[in-house]
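Shown next, in structure tokens, is the structure this report addresses.
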Amino acid sequence: GSGGTIAGGPVYALVVRFEVRPESVAAFDRLVAQTLEEIREYEPRTLTYLPTAVVDAPASRVFIEVYEDEAAFVEHERQPHVRHFLQAREPLLDSVRVERLTDVPTA
């Protein structure tokens, strides 16, 4: 097994929960779709970028993000399409919660 590693290294991942304003869900989803295309095209070190909807919470979205390493995440945050997403999402959201993930400690 991989021993809790992704792509041969330590886990560098995020889970991000967005509470979208109910009237803005369609606009947020369009923004995400556009940004996702650019992430796939321009960010080979972003290993997983998975936006999901939450069952029984129609205005909630959870993103699962996995990066090669912390430097890949920093590179992701610097991309013009990501900077646009971060700015354009603000009026569409009620809240954002970011959980940074790492390897489970072993005894």
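Every chain in the structure tokens takes a letter, A first, then B, and so on in the order presented; its residues are numbered from 1, and the ligands are numbered from 1 following the presented order.
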Neighbouring residues of A:Val66 were defined as those with any atom within 7 Å, considering only C-alpha atoms; residues of the same chain fewer than 4 positions away were excluded. Please report them as a PDB file with N, CA and C atoms, in the first residue's frame.
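Generated output (result.pdb):
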```
ATOM      1  N   TYR A  12      -0.882  16.496   0.760  1.00  0.00           N
ATOM      2  CA  TYR A  12      -1.150  17.926   0.864  1.00  0.00           C
ATOM      3  C   TYR A  12      -2.503  18.133   0.213  1.00  0.00           C
ATOM      4  N   ALA A  13      -3.509  18.283   1.042  1.00  0.00           N
ATOM      5  CA  ALA A  13      -4.865  18.316   0.528  1.00  0.00           C
ATOM      6  C   ALA A  13      -5.726  19.267   1.336  1.00  0.00           C
ATOM      7  N   LEU A  14      -6.837  19.641   0.734  1.00  0.00           N
ATOM      8  CA  LEU A  14      -7.806  20.517   1.369  1.00  0.00           C
ATOM      9  C   LEU A  14      -9.199  19.954   1.145  1.00  0.00           C
ATOM     10  N   THR A  46      -1.788  19.788  -9.730  1.00  0.00           N
ATOM     11  CA  THR A  46      -3.033  19.675  -8.976  1.00  0.00           C
ATOM     12  C   THR A  46      -3.583  18.299  -9.324  1.00  0.00           C
ATOM     13  N   LEU A  47      -3.470  17.361  -8.399  1.00  0.00           N
ATOM     14  CA  LEU A  47      -3.767  15.963  -8.685  1.00  0.00           C
ATOM     15  C   LEU A  47      -5.261  15.680  -8.689  1.00  0.00           C
ATOM     16  N   THR A  48      -5.986  16.309  -7.789  1.00  0.00           N
ATOM     17  CA  THR A  48      -7.437  16.149  -7.706  1.00  0.00           C
ATOM     18  C   THR A  48      -8.041  17.499  -7.385  1.00  0.00           C
ATOM     19  N   TYR A  49      -9.072  17.864  -8.121  1.00  0.00           N
ATOM     20  CA  TYR A  49      -9.844  19.061  -7.821  1.00  0.00           C
ATOM     21  C   TYR A  49     -11.281  18.688  -8.118  1.00  0.00           C
TER      22      TYR A  49
END
```
Stretch 35-67 of chain A: residues DSSP assigns to strand (DSSP E or B), reported as JSON, numbers by chain
{"A": [46, 47, 48, 49, 50, 51, 52, 53, 54, 57, 58, 59, 60, 61, 62, 63, 64, 65, 66, 67]}
Same residues, N, CA and C atoms, output as a compact mmCIF listing (two decimals), in the first residue's frame:
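The file below, again-v4.txt, is the result:
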```txt
# COMPACT_ATOMS: atom_id res chain seq x y z
N THR A 46 -1.79 19.79 -9.73
CA THR A 46 -3.03 19.67 -8.98
C THR A 46 -3.58 18.30 -9.32
N LEU A 47 -3.47 17.36 -8.40
CA LEU A 47 -3.77 15.96 -8.69
C LEU A 47 -5.26 15.68 -8.69
N THR A 48 -5.99 16.31 -7.79
CA THR A 48 -7.44 16.15 -7.71
C THR A 48 -8.04 17.50 -7.38
N TYR A 49 -9.07 17.86 -8.12
CA TYR A 49 -9.84 19.06 -7.82
C TYR A 49 -11.28 18.69 -8.12
N LEU A 50 -11.97 18.27 -7.08
CA LEU A 50 -13.28 17.64 -7.24
C LEU A 50 -14.36 18.46 -6.54
N PRO A 51 -15.11 19.27 -7.29
CA PRO A 51 -16.24 19.97 -6.68
C PRO A 51 -17.42 19.00 -6.56
N THR A 52 -18.07 18.99 -5.42
CA THR A 52 -19.21 18.11 -5.21
C THR A 52 -20.37 18.91 -4.60
N ALA A 53 -21.57 18.41 -4.83
CA ALA A 53 -22.77 18.95 -4.19
C ALA A 53 -23.05 18.12 -2.95
N VAL A 54 -23.73 18.72 -1.99
CA VAL A 54 -24.03 18.04 -0.73
C VAL A 54 -25.48 17.56 -0.77
N ALA A 57 -28.52 19.42 0.95
CA ALA A 57 -28.12 20.81 1.21
C ALA A 57 -27.86 21.46 -0.15
N PRO A 58 -28.92 21.85 -0.86
CA PRO A 58 -28.79 22.26 -2.26
C PRO A 58 -27.91 23.48 -2.51
N ALA A 59 -27.66 24.29 -1.49
CA ALA A 59 -26.81 25.47 -1.68
C ALA A 59 -25.40 25.27 -1.13
N SER A 60 -25.06 24.02 -0.80
CA SER A 60 -23.71 23.73 -0.27
C SER A 60 -22.89 23.00 -1.32
N ARG A 61 -21.61 23.33 -1.34
CA ARG A 61 -20.65 22.65 -2.21
C ARG A 61 -19.44 22.30 -1.37
N VAL A 62 -18.87 21.11 -1.62
CA VAL A 62 -17.63 20.70 -0.96
C VAL A 62 -16.63 20.36 -2.05
N PHE A 63 -15.46 20.96 -1.97
CA PHE A 63 -14.38 20.67 -2.92
C PHE A 63 -13.35 19.81 -2.21
N ILE A 64 -12.89 18.79 -2.90
CA ILE A 64 -11.80 17.94 -2.44
C ILE A 64 -10.62 18.26 -3.35
N GLU A 65 -9.54 18.74 -2.75
CA GLU A 65 -8.38 19.19 -3.52
C GLU A 65 -7.14 18.47 -3.02
N VAL A 66 -6.40 17.89 -3.95
CA VAL A 66 -5.15 17.20 -3.61
C VAL A 66 -4.05 17.72 -4.53
N TYR A 67 -2.96 18.12 -3.91
CA TYR A 67 -1.82 18.69 -4.63
C TYR A 67 -0.59 17.82 -4.45
```
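Minimum distance to A:Ala88 across A:Arg100, A:His76, A:Arg30, A:Arg17 (counting only C-alpha atoms) occurs at A:Arg30.
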Quick one: everything within 6 Å of A:Glu19, counting only C-alpha atoms, minus sequence neighbours fewer than 4 positions away in the same chain. Send it as an mmCIF file with N, CA, C and O atoms, in the first residue's frame.
```cif
data_model
loop_
_atom_site.group_PDB
_atom_site.id
_atom_site.type_symbol
_atom_site.label_atom_id
_atom_site.label_comp_id
_atom_site.auth_asym_id
_atom_site.auth_seq_id
_atom_site.Cartn_x
_atom_site.Cartn_y
_atom_site.Cartn_z
ATOM 1 N N SER A 60 -25.055 24.025 -0.795
ATOM 2 C CA SER A 60 -23.714 23.728 -0.267
ATOM 3 C C SER A 60 -22.885 23.004 -1.324
ATOM 4 O O SER A 60 -23.405 22.176 -2.069
ATOM 5 N N LEU A 93 -21.312 33.926 -2.090
ATOM 6 C CA LEU A 93 -21.183 33.038 -0.941
ATOM 7 C C LEU A 93 -21.673 33.652 0.360
ATOM 8 O O LEU A 93 -21.536 34.851 0.587
ATOM 9 N N ASP A 94 -22.195 32.796 1.221
ATOM 10 C CA ASP A 94 -22.451 33.156 2.612
ATOM 11 C C ASP A 94 -21.235 32.849 3.477
ATOM 12 O O ASP A 94 -20.920 33.596 4.395
ATOM 13 N N SER A 95 -20.541 31.718 3.194
ATOM 14 C CA SER A 95 -19.366 31.363 3.997
ATOM 15 C C SER A 95 -18.501 30.350 3.279
ATOM 16 O O SER A 95 -18.945 29.671 2.348
#
```
Residue among A:Asp29, A:Glu43, A:Glu37, A:Glu23 lying closest to A:Gln79, counting only C-alpha atoms:
A:Glu43
Could you write out, as a PyMOL selection string, all the residues of chain A that DSSP marks as helix (DSSP H, G or I)?
chain A and resi 22-42+70-78+80-92
For A:Glu90, list every protein, DNA or RNA residue within 10 Å, evaluated using only C-alpha atoms, and leave out those in the same chain fewer than 6 positions away; present the list as number ranges by chain.
A: 20, 28, 96
So, with only C-alpha atoms as the atoms that count, which of A:Leu31, A:Val55, A:Val98, A:Val104 lies closest to A:His81?
A:Leu31
For A:Glu38, list every protein, DNA or RNA residue within 10 Å, evaluated using only C-alpha atoms, and leave out those in the same chain fewer than 2 positions away; present the list as a PyMOL selection string.
chain A and resi 33-36+40-43+79-82
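Excluding A:Glu99 and any residue on its chain fewer than 2 positions from it, the residues at most 7 Å away by only C-alpha atoms are A:Leu14, A:Val15, A:Val16, A:Arg97, A:Leu101.
In this structure, atom CA of A:His84 sits 12.2 Å away from atom CA of A:Ile39.
Atom pair atom CA of A:Phe73 / atom CA of A:Arg45: separated by 8.2 Å.
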